[in-house]
Amino acid sequence: MKRNKIATFMAVTILCLASCNNRNQESHLNPFDNISTSENINRDKILIISDLHLGNDLSYSETVTHLERLKEFLKEVRSSNTVKELIMNGDILDEWYIPTRSDTYSGGTQADFVRKSVESNKEIFDELNSIIRDGKIKVTYIPGNHDMGFTPENIDIAMPGVNQARDTDGKFPLGTYNPEDYPQIAIEHGHRYDFFCAMTPGANESDAPGAILAPGYFFARIAANSFVNPTTPEAATKVPEVKLNDAGNPEQMSKYIYYGLWKTVIENVIYVKDDFSEPIIITNLGNYTKTYSINDIIPRNNPLTGKIEMNLYDGLFTQDNWDSRAKYNNVPVMTKIDTAIVGSLKTKFIDDMSQLQYFDNSSSDTRIVVFGHTHKPMIKSSTNSKGEICIYVNSGTWEDHKTRDKYEVVDQDTINMHFVLITPTKAGQNHLQVGLYQYRNGNHFKSEAMELSL
């Protein structure tokens, strides 16, 4: 009898230990390899992140606090047995967010700038390059607007061997990417539809022949200055008033709308205390070599004619020019210039381009579209011109929440850090779940997920 009790006790103890061990193993299971809708057997998951904004100088970079979490996240990616591809959908490096009075390259070259950016974010690039070297997970880079000027050769300095998704001949600073085996998935940064951020050829030929730098570049420079040298809206320099004296002239109307956006952002979003006539915006990139004032960018009334004009980008404001610019940016469906100007500050306009350019476009078979650029994560379903279910998702950003108050307490661990995961389900390789997630407090939280069959 005593032996039976001992045997029973030992058996129960072994079962308990085995159960505890199993639970312990489950708790340490890689989060990418523990998705209930997936078989979790093969490398078949596509992971998309965007807008990391890895800066050159951590004293003003947009992503600093989140770097440690990003490193942890990339370690999880590297150790996953089921992630097939990591896609970095634009604005990975940042050549735009530089305080106005700073020389972007500090007298060096773009290659030097890239090397310094890698050194400033060494642990991040160590993880990315380890994933590339391992050769188990394909790593793809798509250019965004903040990194549109980087040549393929200089991107390869930062991430040797990374797959670069670029339109046309491979050197174009734009890319729409279709993952292997999934031609019906289109992934792009989304800035090609943005009046402020789309490539802008021939805009300022007398200043910068052959340049493609967009007006949004100057917005980013002023924005960086606004946070590095903070002031208050009350103390900030006010934007001079501009009048619309010829409302029947479409070009003048477009310029007035453009002026209204600049007035709104400078007085309410990126306010500064600078003298607007002082040359403070040092360029020295993208064929620009001059130092500009804020007044060079903002529209004004000509004192003699009353017409609205500006020193930079003055010739952009006709529908023909916007159509030509859109074609240069490989945009298939044209939009109205005034709608596009206003849409630069409304993320819905960019998100809705998934419908206009892809789902409603009878020449497109795309069923899933992923953008970044807006920094606003979201997911929605719709139908295409054939009545098929489609999904659009925006991958958000990993930048910190910026504040001008150095004493403000911000729980950065619950802000931003979103990613998209496209997962074949148990129903089959062509039945996909598209999930929008947040990396919050070091854990994966599914914001929302949708499914469709290709």
# chains A, B, ... in the order shown; residues from 1 in each chain; ligands from 1

$ closest_atom_pairs --of "range 285-370 of chain A" --to "range 135-147 of chain A" --cutoff "12 Å" --atoms "only C-alpha atoms" --output "tab-separated table"
residue	atom	partner	partner_atom	distance
A:Leu285	CA	A:Asp147	CA	11.9
A:Gly286	CA	A:Asp147	CA	11.4
A:Asn329	CA	A:Asn145	CA	11.8
A:Val370	CA	A:Ile142	CA	11.8

$ write_last_selection --atoms "C-alpha atoms" --output "PDB file, in the first residue's frame"
ATOM      1  CA  LEU A 285      22.200  68.061 -50.712  1.00  0.00           C
ATOM      2  CA  GLY A 286      20.174  67.010 -53.714  1.00  0.00           C
ATOM      3  CA  ASN A 329       6.383  59.625 -59.853  1.00  0.00           C
ATOM      4  CA  VAL A 370       0.344  48.529 -47.507  1.00  0.00           C
TER       5      VAL A 370
END

$ residues_around --residues "range 383-386 of chain A" --least-positions-apart "6" --cutoff "12 Å" --atoms "only C-alpha atoms" --output "list in words"
Ser354, Gln355, Leu356, Gln357, Tyr358, Phe359, Asp360, Asn361, Ser362, Ser363, Ser364, Asp365, Thr366, Arg367, Ile368, Val369, Tyr392 and Leu452 of chain A

$ residues_around --residues "range 120-127 of chain A" --least-positions-apart "5" --cutoff "10 Å" --atoms "only C-alpha atoms" --output "list of chain:residue names"
A:Leu54, A:Gly55, A:Asn56, A:Asp57, A:Leu58, A:Ser61, A:Thr63, A:Val64, A:Leu67, A:Glu68, A:Arg69, A:Leu70, A:Lys71, A:Glu72, A:Phe73, A:Leu74, A:Lys75, A:Val77, A:Arg78, A:Val114, A:Arg115, A:Ile132, A:Arg133, A:Ala158, A:Met159

$ write_last_selection --atoms "C-alpha atoms" --output "PDB file, in the first residue's frame"
ATOM      1  CA  LEU A  54      16.946  56.418 -37.798  1.00  0.00           C
ATOM      2  CA  GLY A  55      18.719  59.738 -37.510  1.00  0.00           C
ATOM      3  CA  ASN A  56      22.274  60.882 -37.928  1.00  0.00           C
ATOM      4  CA  ASP A  57      22.511  62.590 -34.542  1.00  0.00           C
ATOM      5  CA  LEU A  58      20.630  61.294 -31.495  1.00  0.00           C
ATOM      6  CA  SER A  61      16.695  62.407 -34.104  1.00  0.00           C
ATOM      7  CA  THR A  63      13.670  57.992 -32.877  1.00  0.00           C
ATOM      8  CA  VAL A  64      15.750  57.719 -29.714  1.00  0.00           C
ATOM      9  CA  LEU A  67      15.639  52.307 -30.170  1.00  0.00           C
ATOM     10  CA  GLU A  68      15.957  49.778 -27.346  1.00  0.00           C
ATOM     11  CA  ARG A  69      12.539  48.312 -28.101  1.00  0.00           C
ATOM     12  CA  LEU A  70      13.325  48.244 -31.812  1.00  0.00           C
ATOM     13  CA  LYS A  71      16.461  46.243 -31.065  1.00  0.00           C
ATOM     14  CA  GLU A  72      14.425  43.748 -29.002  1.00  0.00           C
ATOM     15  CA  PHE A  73      11.860  43.502 -31.777  1.00  0.00           C
ATOM     16  CA  LEU A  74      14.512  42.793 -34.415  1.00  0.00           C
ATOM     17  CA  LYS A  75      16.018  40.103 -32.192  1.00  0.00           C
ATOM     18  CA  VAL A  77      12.444  38.677 -35.917  1.00  0.00           C
ATOM     19  CA  ARG A  78      15.872  37.105 -36.261  1.00  0.00           C
ATOM     20  CA  VAL A 114      25.218  57.076 -43.928  1.00  0.00           C
ATOM     21  CA  ARG A 115      28.220  55.750 -42.005  1.00  0.00           C
ATOM     22  CA  ILE A 132      20.650  39.729 -43.729  1.00  0.00           C
ATOM     23  CA  ARG A 133      23.836  37.701 -43.161  1.00  0.00           C
ATOM     24  CA  ALA A 158      24.202  50.676 -44.239  1.00  0.00           C
ATOM     25  CA  MET A 159      22.756  47.250 -45.075  1.00  0.00           C
TER      26      MET A 159
END

$ select_by_dssp --residues "range 154-300 of chain A" --states "strand (DSSP E or B)" --output "PyMOL selection string"
chain A and resi 163-164+177+185-187+281-282+285+288+291-292+300

$ write_last_selection --atoms "N, CA and C atoms" --output "mmCIF file, in the first residue's frame"
data_model
loop_
_atom_site.group_PDB
_atom_site.id
_atom_site.type_symbol
_atom_site.label_atom_id
_atom_site.label_comp_id
_atom_site.auth_asym_id
_atom_site.auth_seq_id
_atom_site.Cartn_x
_atom_site.Cartn_y
_atom_site.Cartn_z
ATOM 1 N N ASN A 163 17.846 43.662 -50.153
ATOM 2 C CA ASN A 163 17.102 43.740 -51.403
ATOM 3 C C ASN A 163 16.449 45.111 -51.502
ATOM 4 N N GLN A 164 16.778 45.873 -52.550
ATOM 5 C CA GLN A 164 16.235 47.218 -52.702
ATOM 6 C C GLN A 164 15.134 47.218 -53.750
ATOM 7 N N TYR A 177 6.515 47.365 -54.243
ATOM 8 C CA TYR A 177 7.076 46.027 -54.085
ATOM 9 C C TYR A 177 5.973 44.988 -53.991
ATOM 10 N N ILE A 185 -0.249 41.615 -53.820
ATOM 11 C CA ILE A 185 0.089 42.474 -52.684
ATOM 12 C C ILE A 185 1.007 43.582 -53.179
ATOM 13 N N ALA A 186 0.649 44.830 -52.918
ATOM 14 C CA ALA A 186 1.479 45.975 -53.300
ATOM 15 C C ALA A 186 1.875 46.742 -52.051
ATOM 16 N N ILE A 187 3.175 46.925 -51.880
ATOM 17 C CA ILE A 187 3.704 47.628 -50.714
ATOM 18 C C ILE A 187 4.528 48.814 -51.209
ATOM 19 N N ILE A 281 18.418 78.107 -43.547
ATOM 20 C CA ILE A 281 18.227 76.710 -43.965
ATOM 21 C C ILE A 281 19.380 76.322 -44.877
ATOM 22 N N ILE A 282 20.392 75.688 -44.271
ATOM 23 C CA ILE A 282 21.566 75.236 -45.018
ATOM 24 C C ILE A 282 21.196 73.944 -45.739
ATOM 25 N N LEU A 285 22.524 69.422 -50.279
ATOM 26 C CA LEU A 285 22.200 68.061 -50.712
ATOM 27 C C LEU A 285 21.196 68.146 -51.845
ATOM 28 N N TYR A 288 21.048 71.135 -54.187
ATOM 29 C CA TYR A 288 20.843 72.440 -53.557
ATOM 30 C C TYR A 288 22.104 72.801 -52.777
ATOM 31 N N THR A 291 21.839 78.695 -48.976
ATOM 32 C CA THR A 291 21.210 78.791 -47.666
ATOM 33 C C THR A 291 19.984 79.688 -47.821
ATOM 34 N N TYR A 292 18.825 79.161 -47.422
ATOM 35 C CA TYR A 292 17.559 79.844 -47.680
ATOM 36 C C TYR A 292 16.939 80.377 -46.395
ATOM 37 N N ARG A 300 3.920 84.881 -50.983
ATOM 38 C CA ARG A 300 3.738 86.294 -50.629
ATOM 39 C C ARG A 300 3.028 86.990 -51.782
#

$ atom_distance --atom1 "CA of Ser344 in chain A" --atom2 "CA of Gln412 in chain A"
26.5 Å
